[in-house]
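J.: This one is input.json, JSON, C-alpha atoms and all ligand atoms.
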```
[["chain", "number", "residue", "atom", "x", "y", "z"],
["A", 758, "MET", "CA", 0.00, 0.00, 0.00],
["A", 759, "THR", "CA", 1.39, 3.37, -1.03],
["A", 760, "PHE", "CA", 1.34, 6.14, 1.54],
["A", 761, "PHE", "CA", 2.34, 9.79, 1.60],
["A", 762, "LYS", "CA", 3.72, 11.75, 4.51],
["A", 763, "TYR", "CA", 2.71, 15.39, 4.91],
["A", 764, "GLN", "CA", 3.30, 18.01, 7.58],
["A", 765, "GLY", "CA", 1.68, 21.33, 8.40],
["A", 766, "THR", "CA", 3.68, 23.45, 10.87],
["A", 767, "GLY", "CA", 5.16, 20.23, 12.23],
["A", 768, "ASN", "CA", 1.83, 18.44, 12.82],
["A", 769, "ASP", "CA", 2.55, 15.35, 10.71],
["A", 770, "PHE", "CA", 0.22, 12.89, 9.02],
["A", 771, "VAL", "CA", 0.15, 9.72, 6.94],
["A", 772, "LEU", "CA", -2.06, 10.42, 3.91],
["A", 773, "ILE", "CA", -3.61, 7.58, 1.99],
["A", 774, "ASP", "CA", -5.45, 7.79, -1.32],
["A", 775, "ASP", "CA", -8.41, 5.56, -0.44],
["A", 776, "ARG", "CA", -10.69, 6.45, -3.31],
["A", 777, "ALA", "CA", -11.07, 2.69, -3.89],
["A", 778, "GLY", "CA", -12.35, 2.34, -0.30],
["A", 779, "THR", "CA", -10.14, -0.66, 0.50],
["A", 780, "PHE", "CA", -8.21, 0.65, 3.54],
["A", 781, "PRO", "CA", -9.06, -1.29, 6.76],
["A", 782, "ALA", "CA", -10.45, 1.77, 8.56],
["A", 783, "SER", "CA", -11.98, -0.19, 11.45],
["A", 784, "ASP", "CA", -8.65, -1.79, 12.43],
["A", 785, "GLN", "CA", -7.63, 0.61, 15.21],
["A", 786, "ALA", "CA", -4.52, -1.37, 16.24],
["A", 787, "TYR", "CA", -3.24, -1.29, 12.64],
["A", 788, "ILE", "CA", -3.68, 2.48, 12.31],
["A", 789, "GLU", "CA", -1.96, 2.97, 15.68],
["A", 790, "ARG", "CA", 0.94, 0.85, 14.46],
["A", 791, "LEU", "CA", 1.27, 2.80, 11.20],
["A", 792, "CYS", "CA", 1.45, 6.05, 13.23],
["A", 793, "HIS", "CA", 3.94, 4.64, 15.75],
["A", 794, "ARG", "CA", 7.32, 6.40, 15.61],
["A", 795, "ARG", "CA", 9.30, 3.19, 16.28],
["A", 796, "PHE", "CA", 7.24, 0.37, 14.79],
["A", 797, "GLY", "CA", 5.56, 2.29, 11.98],
["A", 798, "ILE", "CA", 5.86, 5.31, 9.68],
["A", 799, "GLY", "CA", 5.49, 7.81, 12.52],
["A", 800, "ALA", "CA", 2.77, 10.46, 12.59],
["A", 801, "ASP", "CA", 0.38, 12.44, 14.79],
["A", 802, "GLY", "CA", -2.49, 11.00, 12.76],
["A", 803, "LEU", "CA", -3.58, 9.15, 9.64],
["A", 804, "ILE", "CA", -5.93, 10.59, 7.04],
["A", 805, "LEU", "CA", -7.87, 8.84, 4.29],
["A", 806, "LEU", "CA", -8.83, 10.69, 1.12],
["A", 807, "ARG", "CA", -12.09, 9.17, -0.06],
["A", 808, "ASN", "CA", -14.61, 9.88, -2.79],
["A", 809, "ASP", "CA", -17.83, 11.67, -2.06],
["A", 810, "PRO", "CA", -20.57, 12.13, -4.68],
["A", 811, "ALA", "CA", -21.26, 15.76, -3.72],
["A", 812, "TYR", "CA", -17.73, 17.04, -2.97],
["A", 813, "ASP", "CA", -14.23, 17.06, -4.46],
["A", 814, "PHE", "CA", -13.27, 14.50, -1.78],
["A", 815, "LYS", "CA", -13.95, 13.38, 1.76],
["A", 816, "MET", "CA", -11.48, 13.51, 4.70],
["A", 817, "VAL", "CA", -11.50, 10.70, 7.27],
["A", 818, "TYR", "CA", -9.14, 11.47, 10.16],
["A", 819, "PHE", "CA", -7.68, 9.14, 12.80],
["A", 820, "ASN", "CA", -5.57, 10.18, 15.77],
["A", 821, "ALA", "CA", -2.23, 8.44, 16.41],
["A", 822, "ASP", "CA", -4.05, 6.10, 18.85],
["A", 823, "GLY", "CA", -5.93, 4.70, 15.87],
["A", 824, "ALA", "CA", -9.37, 6.01, 16.85],
["A", 825, "GLU", "CA", -11.33, 8.26, 14.52],
["A", 826, "GLY", "CA", -10.89, 11.82, 15.77],
["A", 827, "SER", "CA", -12.89, 15.01, 15.51],
["A", 828, "MET", "CA", -11.85, 17.72, 13.03],
["A", 829, "CYS", "CA", -8.14, 18.30, 12.47],
["A", 830, "GLY", "CA", -7.21, 21.73, 11.12],
["A", 831, "ASN", "CA", -3.61, 21.04, 10.17],
["A", 832, "GLY", "CA", -4.67, 17.67, 8.73],
["A", 833, "GLY", "CA", -7.33, 19.54, 6.77],
["A", 834, "ARG", "CA", -4.68, 21.78, 5.24],
["A", 835, "CYS", "CA", -2.50, 18.72, 4.51],
["A", 836, "ILE", "CA", -5.29, 16.81, 2.75],
["A", 837, "VAL", "CA", -6.10, 19.89, 0.67],
["A", 838, "ARG", "CA", -2.44, 19.93, -0.39],
["A", 839, "PHE", "CA", -2.62, 16.17, -1.10],
["A", 840, "ALA", "CA", -5.78, 16.54, -3.22],
["A", 841, "HIS", "CA", -4.10, 19.40, -5.07],
["A", 842, "ASP", "CA", -1.00, 17.23, -5.65],
["A", 843, "LEU", "CA", -3.31, 14.47, -6.98],
["A", 844, "GLY", "CA", -4.79, 16.96, -9.43],
["A", 845, "LEU", "CA", -8.32, 16.87, -7.96],
["A", 846, "PHE", "CA", -8.76, 20.66, -8.23],
["A", 847, "ALA", "CA", -6.89, 23.73, -9.52],
["A", 848, "SER", "CA", -6.97, 26.35, -6.77],
["A", 849, "GLU", "CA", -10.25, 26.18, -4.82],
["A", 850, "THR", "CA", -11.86, 23.12, -3.33],
["A", 851, "ARG", "CA", -14.90, 22.04, -1.36],
["A", 852, "PHE", "CA", -14.64, 18.88, 0.71],
["A", 853, "LEU", "CA", -16.42, 17.00, 3.45],
["A", 854, "ALA", "CA", -14.97, 16.23, 6.90],
["A", 855, "VAL", "CA", -16.40, 14.87, 10.14],
["A", 856, "ASP", "CA", -17.74, 18.32, 11.13],
["A", 857, "GLY", "CA", -19.26, 19.08, 7.73],
["A", 858, "GLU", "CA", -18.31, 21.05, 4.62],
["A", 859, "HIS", "CA", -15.01, 22.92, 4.27],
["A", 860, "LEU", "CA", -13.79, 25.29, 1.58],
["A", 861, "ALA", "CA", -10.10, 25.84, 0.92],
["A", 862, "VAL", "CA", -7.84, 27.83, -1.37],
["A", 863, "VAL", "CA", -4.26, 26.93, -2.34],
["A", 864, "ARG", "CA", -2.02, 29.86, -3.22],
["A", 865, "ASP", "CA", 1.73, 29.24, -3.64],
["A", 866, "GLY", "CA", 2.80, 27.34, -0.52],
["A", 867, "THR", "CA", -0.12, 28.50, 1.59],
["A", 868, "ILE", "CA", -3.43, 26.83, 2.25],
["A", 869, "SER", "CA", -6.36, 28.82, 3.57],
["A", 870, "LEU", "CA", -8.91, 26.48, 5.14],
["A", 871, "LYS", "CA", -12.39, 27.61, 6.12],
["A", 872, "MET", "CA", -13.28, 26.17, 9.51],
["A", 873, "SER", "CA", -16.72, 25.44, 10.95],
["A", 874, "ASN", "CA", -18.55, 28.31, 12.64],
["A", 875, "VAL", "CA", -18.08, 28.44, 16.40],
["A", 876, "THR", "CA", -21.22, 28.91, 18.46],
["A", 877, "GLY", "CA", -19.61, 30.37, 21.57],
["A", 878, "ILE", "CA", -16.97, 30.19, 24.29],
["A", 879, "ASP", "CA", -17.85, 28.51, 27.62],
["A", 880, "ASN", "CA", -16.45, 28.48, 31.12],
["A", 881, "ARG", "CA", -16.16, 24.97, 32.55],
["A", 882, "ASP", "CA", -15.01, 24.86, 36.18],
["A", 883, "GLY", "CA", -12.93, 27.99, 35.62],
["A", 884, "LEU", "CA", -11.43, 26.82, 32.33],
["A", 885, "THR", "CA", -12.15, 28.43, 28.96],
["A", 886, "PHE", "CA", -13.58, 25.78, 26.63],
["A", 887, "LEU", "CA", -14.80, 25.85, 23.04],
["A", 888, "ASN", "CA", -15.34, 23.56, 20.09],
["A", 889, "THR", "CA", -13.69, 24.55, 16.81],
["A", 890, "GLY", "CA", -14.43, 21.18, 15.19],
["A", 891, "SER", "CA", -12.53, 19.54, 18.07],
["A", 892, "PRO", "CA", -12.86, 20.31, 21.80],
["A", 893, "HIS", "CA", -10.27, 22.72, 23.22],
["A", 894, "VAL", "CA", -9.36, 24.30, 26.54],
["A", 895, "VAL", "CA", -7.43, 27.59, 26.23],
["A", 896, "ARG", "CA", -5.30, 28.88, 29.07],
["A", 897, "PHE", "CA", -3.10, 32.00, 28.94],
["A", 898, "VAL", "CA", 0.22, 31.75, 30.80],
["A", 899, "ASP", "CA", 3.28, 33.97, 31.36],
["A", 900, "ASP", "CA", 6.23, 31.66, 30.74],
["A", 901, "LEU", "CA", 5.19, 29.23, 28.01],
["A", 902, "GLU", "CA", 8.76, 28.32, 27.04],
["A", 903, "SER", "CA", 9.40, 26.57, 30.35],
["A", 904, "LEU", "CA", 5.89, 25.18, 31.01],
["A", 905, "ASP", "CA", 5.52, 21.40, 31.40],
["A", 906, "VAL", "CA", 2.85, 21.15, 28.69],
["A", 907, "VAL", "CA", 2.53, 17.35, 28.91],
["A", 908, "ALA", "CA", 1.98, 17.21, 32.69],
["A", 909, "GLU", "CA", -0.28, 20.28, 32.86],
["A", 910, "GLY", "CA", -2.17, 19.35, 29.70],
["A", 911, "ARG", "CA", -2.70, 15.76, 30.73],
["A", 912, "ALA", "CA", -4.15, 16.81, 34.11],
["A", 913, "ILE", "CA", -6.82, 18.91, 32.37],
["A", 914, "ARG", "CA", -7.40, 16.40, 29.55],
["A", 915, "TYR", "CA", -8.25, 13.64, 32.06],
["A", 916, "SER", "CA", -9.99, 15.84, 34.66],
["A", 917, "SER", "CA", -13.56, 14.86, 35.55],
["A", 918, "THR", "CA", -14.84, 18.11, 34.01],
["A", 919, "PHE", "CA", -14.19, 16.81, 30.49],
["A", 920, "GLN", "CA", -15.07, 13.15, 30.86],
["A", 921, "PRO", "CA", -15.82, 10.94, 29.07],
["A", 922, "ALA", "CA", -14.69, 12.53, 25.81],
["A", 923, "GLY", "CA", -11.68, 14.46, 27.16],
["A", 924, "THR", "CA", -10.32, 17.61, 25.54],
["A", 925, "ASN", "CA", -7.27, 19.04, 23.80],
["A", 926, "VAL", "CA", -5.45, 21.64, 25.90],
["A", 927, "ASN", "CA", -3.75, 24.80, 24.57],
["A", 928, "PHE", "CA", -1.40, 27.04, 26.53],
["A", 929, "ALA", "CA", -0.92, 30.50, 25.08],
["A", 930, "GLN", "CA", 1.28, 33.52, 25.71],
["A", 931, "ILE", "CA", 0.85, 36.98, 24.21],
["A", 932, "VAL", "CA", 3.88, 37.94, 22.11],
["A", 933, "ASP", "CA", 2.71, 41.39, 20.90],
["A", 934, "ASP", "CA", -0.58, 43.12, 20.06],
["A", 935, "HIS", "CA", -1.36, 40.79, 17.16],
["A", 936, "THR", "CA", 0.73, 37.65, 17.89],
["A", 937, "VAL", "CA", 0.28, 34.71, 20.26],
["A", 938, "PHE", "CA", 2.64, 31.80, 20.98],
["A", 939, "VAL", "CA", 0.77, 28.49, 21.45],
["A", 940, "ARG", "CA", 1.75, 25.02, 22.69],
["A", 941, "THR", "CA", -0.82, 22.20, 22.61],
["A", 942, "TYR", "CA", -1.39, 18.90, 24.40],
["A", 943, "GLU", "CA", -3.37, 16.74, 21.99],
["A", 944, "ARG", "CA", -5.99, 14.21, 22.91],
["A", 945, "GLY", "CA", -5.58, 11.01, 20.87],
["A", 946, "VAL", "CA", -1.85, 11.63, 20.48],
["A", 947, "GLU", "CA", -1.60, 11.99, 24.29],
["A", 948, "ASP", "CA", 1.46, 14.19, 23.96],
["A", 949, "GLU", "CA", 2.45, 17.69, 22.99],
["A", 950, "THR", "CA", 2.41, 18.11, 19.20],
["A", 951, "TYR", "CA", 4.37, 20.79, 17.31],
["A", 952, "SER", "CA", 1.14, 22.52, 16.28],
["A", 953, "CYS", "CA", -2.62, 21.99, 16.35],
["A", 954, "GLY", "CA", -4.83, 23.76, 13.82],
["A", 955, "THR", "CA", -8.19, 23.58, 15.61],
["A", 956, "GLY", "CA", -6.24, 24.49, 18.79],
["A", 957, "VAL", "CA", -4.66, 27.68, 17.44],
["A", 958, "THR", "CA", -8.05, 28.58, 15.98],
["A", 959, "ALA", "CA", -9.52, 28.26, 19.48],
["A", 960, "VAL", "CA", -6.73, 30.40, 20.96],
["A", 961, "ALA", "CA", -7.28, 33.16, 18.36],
["A", 962, "LEU", "CA", -11.02, 33.34, 19.09],
["A", 963, "VAL", "CA", -10.42, 33.46, 22.86],
["A", 964, "ALA", "CA", -7.68, 36.12, 22.44],
["A", 965, "HIS", "CA", -10.20, 38.21, 20.54],
["A", 966, "GLN", "CA", -13.08, 37.74, 22.95],
["A", 967, "GLN", "CA", -11.21, 37.98, 26.25],
["A", 968, "LEU", "CA", -8.19, 40.15, 25.39],
["A", 969, "HIS", "CA", -9.74, 42.21, 22.55],
["A", 970, "MET", "CA", -7.00, 41.27, 20.11],
["A", 971, "PRO", "CA", -8.13, 42.23, 16.59],
["A", 972, "GLY", "CA", -8.07, 39.67, 13.78],
["A", 973, "PRO", "CA", -6.33, 38.37, 11.78],
["A", 974, "ILE", "CA", -4.18, 36.96, 14.56],
["A", 975, "ALA", "CA", -0.65, 35.66, 13.95],
["A", 976, "ILE", "CA", 0.11, 32.43, 15.77],
["A", 977, "ARG", "CA", 3.55, 31.07, 16.56],
["A", 978, "THR", "CA", 3.72, 27.34, 17.27],
["A", 979, "VAL", "CA", 6.65, 25.05, 18.01],
["A", 980, "GLY", "CA", 6.51, 23.93, 14.34],
["A", 981, "GLY", "CA", 5.95, 27.25, 12.57],
["A", 982, "ASN", "CA", 3.63, 30.16, 11.94],
["A", 983, "LEU", "CA", -0.09, 30.24, 11.22],
["A", 984, "ARG", "CA", -2.71, 32.95, 10.82],
["A", 985, "VAL", "CA", -6.36, 32.91, 11.90],
["A", 986, "SER", "CA", -8.97, 35.31, 10.52],
["A", 987, "PHE", "CA", -12.61, 35.46, 11.64],
["A", 988, "ARG", "CA", -15.74, 37.58, 12.00],
["A", 989, "ALA", "CA", -16.98, 37.97, 15.56],
["A", 990, "GLN", "CA", -20.79, 38.15, 15.82],
["A", 991, "ALA", "CA", -22.76, 40.21, 18.33],
["A", 992, "ASP", "CA", -24.09, 37.06, 20.05],
["A", 993, "GLY", "CA", -20.58, 35.78, 20.90],
["A", 994, "SER", "CA", -20.37, 33.33, 17.99],
["A", 995, "PHE", "CA", -17.79, 33.41, 15.18],
["A", 996, "GLU", "CA", -18.17, 33.03, 11.42],
["A", 997, "GLY", "CA", -15.85, 33.20, 8.42],
["A", 998, "ILE", "CA", -13.05, 31.50, 10.36],
["A", 999, "HIS", "CA", -9.95, 30.73, 8.27],
["A", 1000, "LEU", "CA", -6.82, 28.84, 9.27],
["A", 1001, "ILE", "CA", -3.98, 29.94, 7.00],
["A", 1002, "GLY", "CA", -0.51, 28.45, 6.66],
["A", 1003, "PRO", "CA", 1.80, 26.03, 4.87],
["A", 1004, "ALA", "CA", 1.43, 22.28, 4.28],
["A", 1005, "GLN", "CA", 4.03, 20.15, 2.57],
["A", 1006, "ARG", "CA", 4.57, 16.65, 1.18],
["A", 1007, "VAL", "CA", 7.66, 15.21, 2.90],
["A", 1008, "PHE", "CA", 8.00, 11.74, 1.38],
["A", 1009, "GLU", "CA", 6.14, 8.76, -0.02],
["A", 1010, "GLY", "CA", 6.64, 5.06, 0.48],
["A", 1011, "ALA", "CA", 5.14, 1.60, 0.56],
["A", 1012, "VAL", "CA", 3.78, 0.01, 3.73],
["A", 1013, "THR", "CA", 4.92, -3.58, 4.13],
["A", 1014, "ILE", "CA", 3.35, -4.32, 7.54],
["B", 1101, "LIG", "N1", -4.06, 18.19, 15.25],
["B", 1101, "LIG", "C1", -5.43, 18.52, 14.94],
["B", 1101, "LIG", "C2", -6.39, 18.33, 16.06],
["B", 1101, "LIG", "C3", -6.84, 16.95, 16.14],
["B", 1101, "LIG", "C4", -7.86, 16.79, 17.20],
["B", 1101, "LIG", "C5", -7.64, 15.52, 17.91],
["B", 1101, "LIG", "N2", -6.48, 15.53, 18.74],
["B", 1101, "LIG", "C6", -8.90, 15.17, 18.66],
["B", 1101, "LIG", "O1", -9.21, 15.76, 19.67],
["B", 1101, "LIG", "O2", -9.61, 14.26, 18.18],
["B", 1101, "LIG", "C7", -5.54, 19.90, 14.37],
["B", 1101, "LIG", "O3", -4.62, 20.36, 13.73],
["B", 1101, "LIG", "O4", -6.58, 20.53, 14.52]]
```
How does the structure come out when it is put into structure tokens?

T.:
Amino acid sequence: MTFFKYQGTGNDFVLIDDRAGTFPASDQAYIERLCHRRFGIGADGLILLRNDPAYDFKMVYFNADGAEGSMCGNGGRCIVRFAHDLGLFASETRFLAVDGEHLAVVRDGTISLKMSNVTGIDNRDGLTFLNTGSPHVVRFVDDLESLDVVAEGRAIRYSSTFQPAGTNVNFAQIVDDHTVFVRTYERGVEDETYSCGTGVTAVALVAHQQLHMPGPIAIRTVGGNLRVSFRAQADGSFEGIHLIGPAQRVFEGAVTI
């Protein structure tokens, strides 16, 4: 089976052209093994590109633990790049993911991905929580460089407040009046990743609502830079959300396990 490896700001994925629908998508242990960094290819997740009668393609996303995940923003930008590399569209595309329809534009090395609308930002036991396609806690801190993201993130991810589904956890620090530095603990990877697209989207919306930062907001992650634009609505919801940044094919190969 041929696979492709892509990365978007260091969030890395195995991409498989499954338009024939033959990939064993219900074999969780197999997907986990393919994503394993010692026994497999190594990735934060695995994504199938499938056919859909009403769209250019359909995205099916699995976390590194092999379970089907909620929406993945960096994976969304990577599969748009993959579909573009496969020649499925010229510059604009419309595809289906687990949270519904997405539009995207490819321009030079940059992919602008339209994210689902966000209905609002909640407070759960003192923690800021919102769903940007995936569930995210956002916490602002002062010294993000030295924070133990895995220990602090894991404590929130497994806290009773977010059971049974759990949550992704983002720690953010203001860099200047339009830039935020973000580090994310990801559910399903159960580790810090270099970047999380739905996570930085969540941080941008919270920075706007709570700290009055105007959009578009520049985001620095461990793996590179992203930009988030949006339209804040009077009722506290957000529309026209775009996650903008690079996505790149790294290599291709053949799976023999
Ligand atoms: N890395 C992804 C998030 C995946 C969400 C996943 N960890 C889950 O909660 O199912 C992103 O770029 O948005």

J.: Pull the closest atom pair for each residue of chain A that gets at most 7 Å from ligand LIG 1101 (chain B), along with the distance in Å to one decimal, counting only C-alpha atoms and all ligand atoms, ordering rows by chain and then ascending residue number, as JSON lines.

T.:
```
{"residue": "A:Asn768", "atom": "CA", "partner": "B:LIG1101", "partner_atom": "N1", "distance": 6.4}
{"residue": "A:Asn820", "atom": "CA", "partner": "B:LIG1101", "partner_atom": "C5", "distance": 6.1}
{"residue": "A:Gly826", "atom": "CA", "partner": "B:LIG1101", "partner_atom": "O2", "distance": 3.7}
{"residue": "A:Ser827", "atom": "CA", "partner": "B:LIG1101", "partner_atom": "O2", "distance": 4.3}
{"residue": "A:Met828", "atom": "CA", "partner": "B:LIG1101", "partner_atom": "C4", "distance": 5.8}
{"residue": "A:Cys829", "atom": "CA", "partner": "B:LIG1101", "partner_atom": "O4", "distance": 3.4}
{"residue": "A:Gly830", "atom": "CA", "partner": "B:LIG1101", "partner_atom": "O4", "distance": 3.7}
{"residue": "A:Asn831", "atom": "CA", "partner": "B:LIG1101", "partner_atom": "O3", "distance": 3.8}
{"residue": "A:Gly832", "atom": "CA", "partner": "B:LIG1101", "partner_atom": "O3", "distance": 5.7}
{"residue": "A:Ser891", "atom": "CA", "partner": "B:LIG1101", "partner_atom": "O1", "distance": 5.3}
{"residue": "A:Pro892", "atom": "CA", "partner": "B:LIG1101", "partner_atom": "O1", "distance": 6.2}
{"residue": "A:Thr924", "atom": "CA", "partner": "B:LIG1101", "partner_atom": "O1", "distance": 6.3}
{"residue": "A:Asn925", "atom": "CA", "partner": "B:LIG1101", "partner_atom": "O1", "distance": 5.6}
{"residue": "A:Glu943", "atom": "CA", "partner": "B:LIG1101", "partner_atom": "N2", "distance": 4.7}
{"residue": "A:Arg944", "atom": "CA", "partner": "B:LIG1101", "partner_atom": "N2", "distance": 4.4}
{"residue": "A:Gly945", "atom": "CA", "partner": "B:LIG1101", "partner_atom": "N2", "distance": 5.1}
{"residue": "A:Val946", "atom": "CA", "partner": "B:LIG1101", "partner_atom": "N2", "distance": 6.3}
{"residue": "A:Ser952", "atom": "CA", "partner": "B:LIG1101", "partner_atom": "O3", "distance": 6.7}
{"residue": "A:Cys953", "atom": "CA", "partner": "B:LIG1101", "partner_atom": "O3", "distance": 3.7}
{"residue": "A:Gly954", "atom": "CA", "partner": "B:LIG1101", "partner_atom": "O3", "distance": 3.4}
{"residue": "A:Thr955", "atom": "CA", "partner": "B:LIG1101", "partner_atom": "O4", "distance": 3.6}
{"residue": "A:Gly956", "atom": "CA", "partner": "B:LIG1101", "partner_atom": "O4", "distance": 5.8}
```

J.: Range 999-1014 of chain A: which residues within 6 Å, counting only C-alpha atoms, same-chain residues fewer than 3 positions away excluded, as a list in words?

T.: Met758, Thr759, Phe760, Phe761, Lys762, Tyr763, Gln764, Gly765, Cys835, Gly866, Thr867, Ile868, Ser869, Leu870, Lys871, Met872, Leu983, Arg984, Val985 and Ser986 of chain A

J.: Give me the residues near Val960 in chain A as a short mmCIF file (atom, residue, chain, number, x, y, z; two decimals) with C-alpha atoms, in the frame of the given file, where near means some atom within 9 Å (using all atoms listed in the file) and where sequence neighbours in that chain fewer than 6 positions away do not count.

T.:
```
data_model
loop_
_atom_site.label_atom_id
_atom_site.label_comp_id
_atom_site.auth_asym_id
_atom_site.auth_seq_id
_atom_site.Cartn_x
_atom_site.Cartn_y
_atom_site.Cartn_z
CA HIS A 893 -10.27 22.72 23.22
CA VAL A 894 -9.36 24.30 26.54
CA VAL A 895 -7.43 27.59 26.23
CA ARG A 896 -5.30 28.88 29.07
CA PHE A 897 -3.10 32.00 28.94
CA ASN A 927 -3.75 24.80 24.57
CA PHE A 928 -1.40 27.04 26.53
CA ALA A 929 -0.92 30.50 25.08
CA VAL A 937 0.28 34.71 20.26
CA VAL A 939 0.77 28.49 21.45
CA ILE A 976 0.11 32.43 15.77
#
```

J.: Might you pull out every residue within 7 Å of Leu805 in chain A, with all atoms listed in the file counted and same-chain residues fewer than 4 positions away left off, and present them as a PyMOL selection string?

T.: chain A and resi 772-775+816-818

J.: Separation of CA of Val979 in chain A and CA of Thr918 in chain A, in Å?

T.: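 These two atoms are separated by 27.7 Å.
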
J.: How many Å separate CA of Thr978 in chain A from CA of Tyr951 in chain A?

T.: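 Value for the CA of Thr978 in chain A-CA of Tyr951 in chain A distance: 6.6 Å.
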
J.: Residues of range 913-942 of chain A within 8 Å of range 968-974 of chain A: nearest atom pair and distance (Å, one decimal) for each, counting all atoms listed in the file, sorted by chain and number, as JSON lines?

T.:
```
{"residue": "A:Asp934", "atom": "CA", "partner": "A:Met970", "partner_atom": "CA", "distance": 6.7}
{"residue": "A:His935", "atom": "CA", "partner": "A:Ile974", "partner_atom": "CA", "distance": 5.4}
{"residue": "A:Thr936", "atom": "CA", "partner": "A:Ile974", "partner_atom": "CA", "distance": 6.0}
{"residue": "A:Val937", "atom": "CA", "partner": "A:Ile974", "partner_atom": "CA", "distance": 7.6}
```

J.: What is the CA of Ala912 in chain A-CA of Gly799 in chain A distance in Å, reported with one decimal?

T.: 25.3 Å

J.: Determine, counting all atoms listed in the file, which protein, DNA and RNA residues have an atom within 10 Å of an atom of Ala811 in chain A; residues of the same chain fewer than 4 positions away are not included. Present the result as a VMD selection string.

T.: chain A and resid 815 851 to 853
